[in-house]
Structures are given as structure tokens and as C-alpha cells.
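Chemist: Attaching a single structure in C-alpha cells format; questions to follow.
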Amino acid sequence: MTKRETILLKASIAFAILFAVAPTVNAMHIMEGYLPAGYCVAWGIICLPFLVAGFISLNKKINASRRNLTLIAMSGAFIFVISSLKIPSVTGSCSHMTGTGLGAILFGPAAVSVLGIIVLIFQALLLAHGGITTLGANTFSMAVMGPVMAFAVYKLCGKMNMNRKVSVFLAALSGDFFTYCVTSVQLALAYPSEVGGTAASAVKFLGVFAPTQIPLAVIEGILTVVIVIGLETYAVPELKNIGFLREKEVR
Amino acid sequence: MTKNAKIVFILLASAVLIAAAPLFILRGAQFGGSDDAGSVMIEDIEGEYTPWFTPVLETALDGEVPGEVESLIFCIQTGIGAGVIAFFMGRFVERRKWQKATGMENADDRKGDK
């Protein structure tokens, strides 16, 4: 094993231990045993290419420069903190945020899928939250589609020359919210309504998740902007390193 | 206060407001988890539904994780995450201070990375 691989391994073990204590009682995750086996396998297979791409992408980033590890660790820690905050919402129930927006903006959606699945695995195993059988589906919604959405929105805002803080806010917000949309569709595919089928069912599930999640998505947007402001102020070399800031934009 | 500090202050204040407002507006609400609502919805569509798999930990403990223990682990999670972020932020902040003091601000960035 090269020195870098050792570091990678150590980092991953550290992360694993970190995420091993990730209890989130109320969540967007589909609960253990609530998805038919065929769907569990199918979602898992769909996630595979994203995870492989994510692993390669992370590996490349760490190999390119060891200092990228600090931002990767911070993105992971951000998911860690944010997804632990259970927040009361306007519907009278609680939910939590995803925290995947930051990593998606900094490192791209593929890299986040790896960080995300680690959280999900340990939550499923040790905290009876989400589930091993529903891991594929939950990975697809929270660790793949959410970050993909956040990344796409961020790029789109960039194309439109939007203020960066606004772009980050919109990206994190839509990533969080989209995660719930995907979950609703996943549940609807497995449980089509007798009247109206999948579409009607999706609307029903969305009706449960969306109103709760909208204020939380706003909060996630806000918190992501706050951490990006912090990084832009103090971590300029790191951000330049990963290509988040270009030379001319610095100071 | 710098412009950024003001923005951060306003952002954090509004985040707290958004989070706290429902508590005061919807007094006496349950504030249960929205995934419970999800399983209720499944039963609504499917009729009676029994999950076909029990979480591994619940099988091992022969029951649910006790609430107090859950909140303990929950706090540890937040604490560690916040700790990692604070540790690196602290390093970044100090590094910039040091670079400014020694006039190395525009020097090779790598020198600041010990």
C-alpha cells in the first residue's frame, strides 16, 4: 500500500467510525422492510455506477493533493452535523436535512454518493434508521439524486452569472428538496394507488413529505451558504486547489 | 462588522427563526417524524402492512434503542461533526492570520499548509 492509500484508508476508517454514531430518528429514508425485495435490488444496482464513479473521483482528488482531504473531511462532517439536526416544521412534525449540497458543489455529485452511502449504511445497521434492505433506494435519493440536483442547479446558476451566495443557497435548497421528491416517487412506484396508480400515489407521498421539508430545505440552503462564506474567507488555497475558486477570483 | 459577518449573522438568525417558529405557532403539536407519516401512508394505500425485515440493531437488542441512549448518540454525532468543522476552520483562520502577519499572503500557498 502506498502512503496515500494508507491515508485514504485511515480517513475512510475515521469516517466510518464517525458515521457509526449517526442516529436520525425521523427522516426521509425509507424504513427497513418497507420496500419489496425486487425494488431493493433494482435501486441498489442503479446506484452502483455512481458509487464507483464517486470512489474513483475521490481517489483522484486525494491523489492530486493531500490537502484536498481537509475539504472532503469538512464536507463529510457537514453532512454529519446537518443530517443530525431534527427540526420542527410547519406541519407539526419533525424532519432533518441532508447536508449533501456542500459536498456536491465542492466535489461534484459522484464524490458525495460515497460520503452519503457511508452515513446510510451505518444508520441502517446501528441505528435502525433507514435500512439495509432499503439502502439502495435511500442511497439513490439522498446520496445520488439530491447531490446531482444540487450540482446541476449550482452549474446552471453559474451559467446565468448569478451571485455565488445565491447559487449556493438555491443549489443546497433544491438538492435537499429533490431528495424528498425522489423518495416519494420511489415509494409510489412500489405502492401505486388503487385509483390513479403511481402518479396519484406519488402526489400522496409528496403531500406528506413536501410541506414538512420546504422550510428545512430553506434552512439547509442558509447553513450551506454560511459555511461556504467561511471557506471562501479562510480556505482560499484549498478552494483553488479543487477548482472551486479560479485564480482571478481570489481576493 | 464586515459585510460577510453581517450576512452570516442575518442568515443564522433567519435559520433559527424558521426552525423555532413552528414550535410557537403550532403549540401542542406532536412533532413526530415524517417517516412515520410515510408508513401510515403506505398502510393507507396497501391496507395492513407488515415490514418484511426488522432493523439489525433492533433484532440484536430485542427491541428499540432506548430514547435516552438514542439522544446520547445523537449528540455525539452532532458534536463530532461540529468538532471536525471547527478544527479545520480554526486552522484556516489561524493560518490566514499568520500569513497576514508575516506578509506572506500572496506567497506560495503550500507554505501555509503544514
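Residues are named by chain letter and number: chains run A, B, ... in the order of the C-alpha cells, numbers start at 1 in each chain, and ligands are numbered from 1 in the order shown.
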Neighbouring residues of Ala217 in chain A were defined as those with any atom within 6 Å, considering only C-alpha atoms; residues of the same chain fewer than 2 positions away were excluded. Please report them as a list in words.

Modeler: Leu173, Asp176, Phe177, Gln213, Ile214, Pro215, Ile219 and Glu220 of chain A

Chemist: Out of chain B, which residues get alpha helix (DSSP H) from DSSP, as an MDAnalysis selection string?

Modeler: chainID B and resid 3:25 34:46 56:61 67:101

Chemist: Can you work out the spacing between CA of Pro88 in chain A and CA of Phe31 in chain B in Å, to one decimal?

Modeler: 6.1 Å

Chemist: Find the residues around range 4-7 of chain B up to 9 Å (only C-alpha atoms counted), leave out those fewer than 4 positions away in its own chain, and share them as a VMD selection string.

Modeler: (chain A and resid 226 229 to 230 233) or (chain B and resid 11 to 12)

Chemist: Which parts of range 89-249 of chain A does DSSP call strand (DSSP E or B) when run on the backbone here, written out as a list of chain:residue names?

Modeler: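 Listing strand (DSSP E or B) positions across range 89-249 of chain A yields A:Ser93, A:Cys94, A:Ser95, A:His96, A:Ser193.
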
Chemist: Please write the residues from the selection above to a file, keeping C-alpha atoms, as a short mmCIF file (atom, residue, chain, number, x, y, z; two decimals), in the first residue's frame.

Modeler:
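Output (selection.cif):
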data_model
loop_
_atom_site.label_atom_id
_atom_site.label_comp_id
_atom_site.auth_asym_id
_atom_site.auth_seq_id
_atom_site.Cartn_x
_atom_site.Cartn_y
_atom_site.Cartn_z
CA SER A 93 -43.83 17.03 12.54
CA CYS A 94 -40.06 16.88 12.54
CA SER A 95 -37.67 16.04 9.78
CA HIS A 96 -34.00 16.51 9.10
CA SER A 193 -52.59 3.87 -5.51
#

Chemist: Neighbouring residues of range 51-68 of chain B were defined as those with any atom within 9 Å, considering only C-alpha atoms; residues of the same chain fewer than 5 positions away were excluded. Please report them as a list in words.

Modeler: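 My list of contacting residues is Met31, Glu32, Gly33, Tyr34, Leu35, Pro36, Ala124, Leu125, Leu126, Leu127, Ala128, His129, Gly130, Gly131, Ile132 and Thr133 of chain A; Ile73 of chain B.
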
Chemist: Would you mind reading off the distance between CA of Thr91 in chain A and CA of Pro211 in chain A, one decimal, in Å?

Modeler: 6.6 Å

Chemist: Leaving out range 112-117 of chain A and any residue of its chain fewer than 3 positions from it, which residues lie within 8 Å of it when counting only C-alpha atoms, given as number ranges by chain?

Modeler: A: 50-51, 54-55, 76, 79, 100, 103-104, 107-109, 120-121, 139, 142-144, 147

Chemist: Restricting the output to C-alpha atoms, write the selected residues as an mmCIF file, in the first residue's frame.

Modeler:
data_model
loop_
_atom_site.group_PDB
_atom_site.id
_atom_site.type_symbol
_atom_site.label_atom_id
_atom_site.label_comp_id
_atom_site.auth_asym_id
_atom_site.auth_seq_id
_atom_site.Cartn_x
_atom_site.Cartn_y
_atom_site.Cartn_z
ATOM 1 C CA PHE A 50 -22.472 6.370 -9.214
ATOM 2 C CA LEU A 51 -20.627 4.844 -6.293
ATOM 3 C CA GLY A 54 -17.546 8.534 -6.752
ATOM 4 C CA PHE A 55 -14.824 6.326 -5.420
ATOM 5 C CA GLY A 76 -18.454 14.785 5.278
ATOM 6 C CA ILE A 79 -23.422 16.025 6.212
ATOM 7 C CA THR A 100 -25.189 16.795 0.808
ATOM 8 C CA GLY A 103 -20.065 18.311 -0.976
ATOM 9 C CA ALA A 104 -21.881 18.268 -4.303
ATOM 10 C CA PHE A 107 -16.557 17.939 -5.294
ATOM 11 C CA GLY A 108 -19.349 17.020 -7.668
ATOM 12 C CA PRO A 109 -22.244 14.637 -7.125
ATOM 13 C CA LEU A 120 -26.750 5.468 5.300
ATOM 14 C CA ILE A 121 -25.080 2.105 5.925
ATOM 15 C CA THR A 139 -28.725 5.960 -1.472
ATOM 16 C CA MET A 142 -30.147 11.123 -0.743
ATOM 17 C CA ALA A 143 -26.649 10.360 -1.979
ATOM 18 C CA VAL A 144 -27.196 10.378 -5.750
ATOM 19 C CA PRO A 147 -26.429 15.912 -4.938
#

Chemist: To one decimal place, how far is CA of Ala150 in chain A from CA of Val166 in chain A in Å?

Modeler: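 So the two atoms, CA of Ala150 in chain A and CA of Val166 in chain A, lie 12.6 Å apart.
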
Chemist: With distances taken over only C-alpha atoms, which of A:Leu245, A:Met149, A:Val41, A:Ile87 is nearest to chain B?

Modeler: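 When distances to chain B are compared using only C-alpha atoms, the smallest one comes from A:Ile87.
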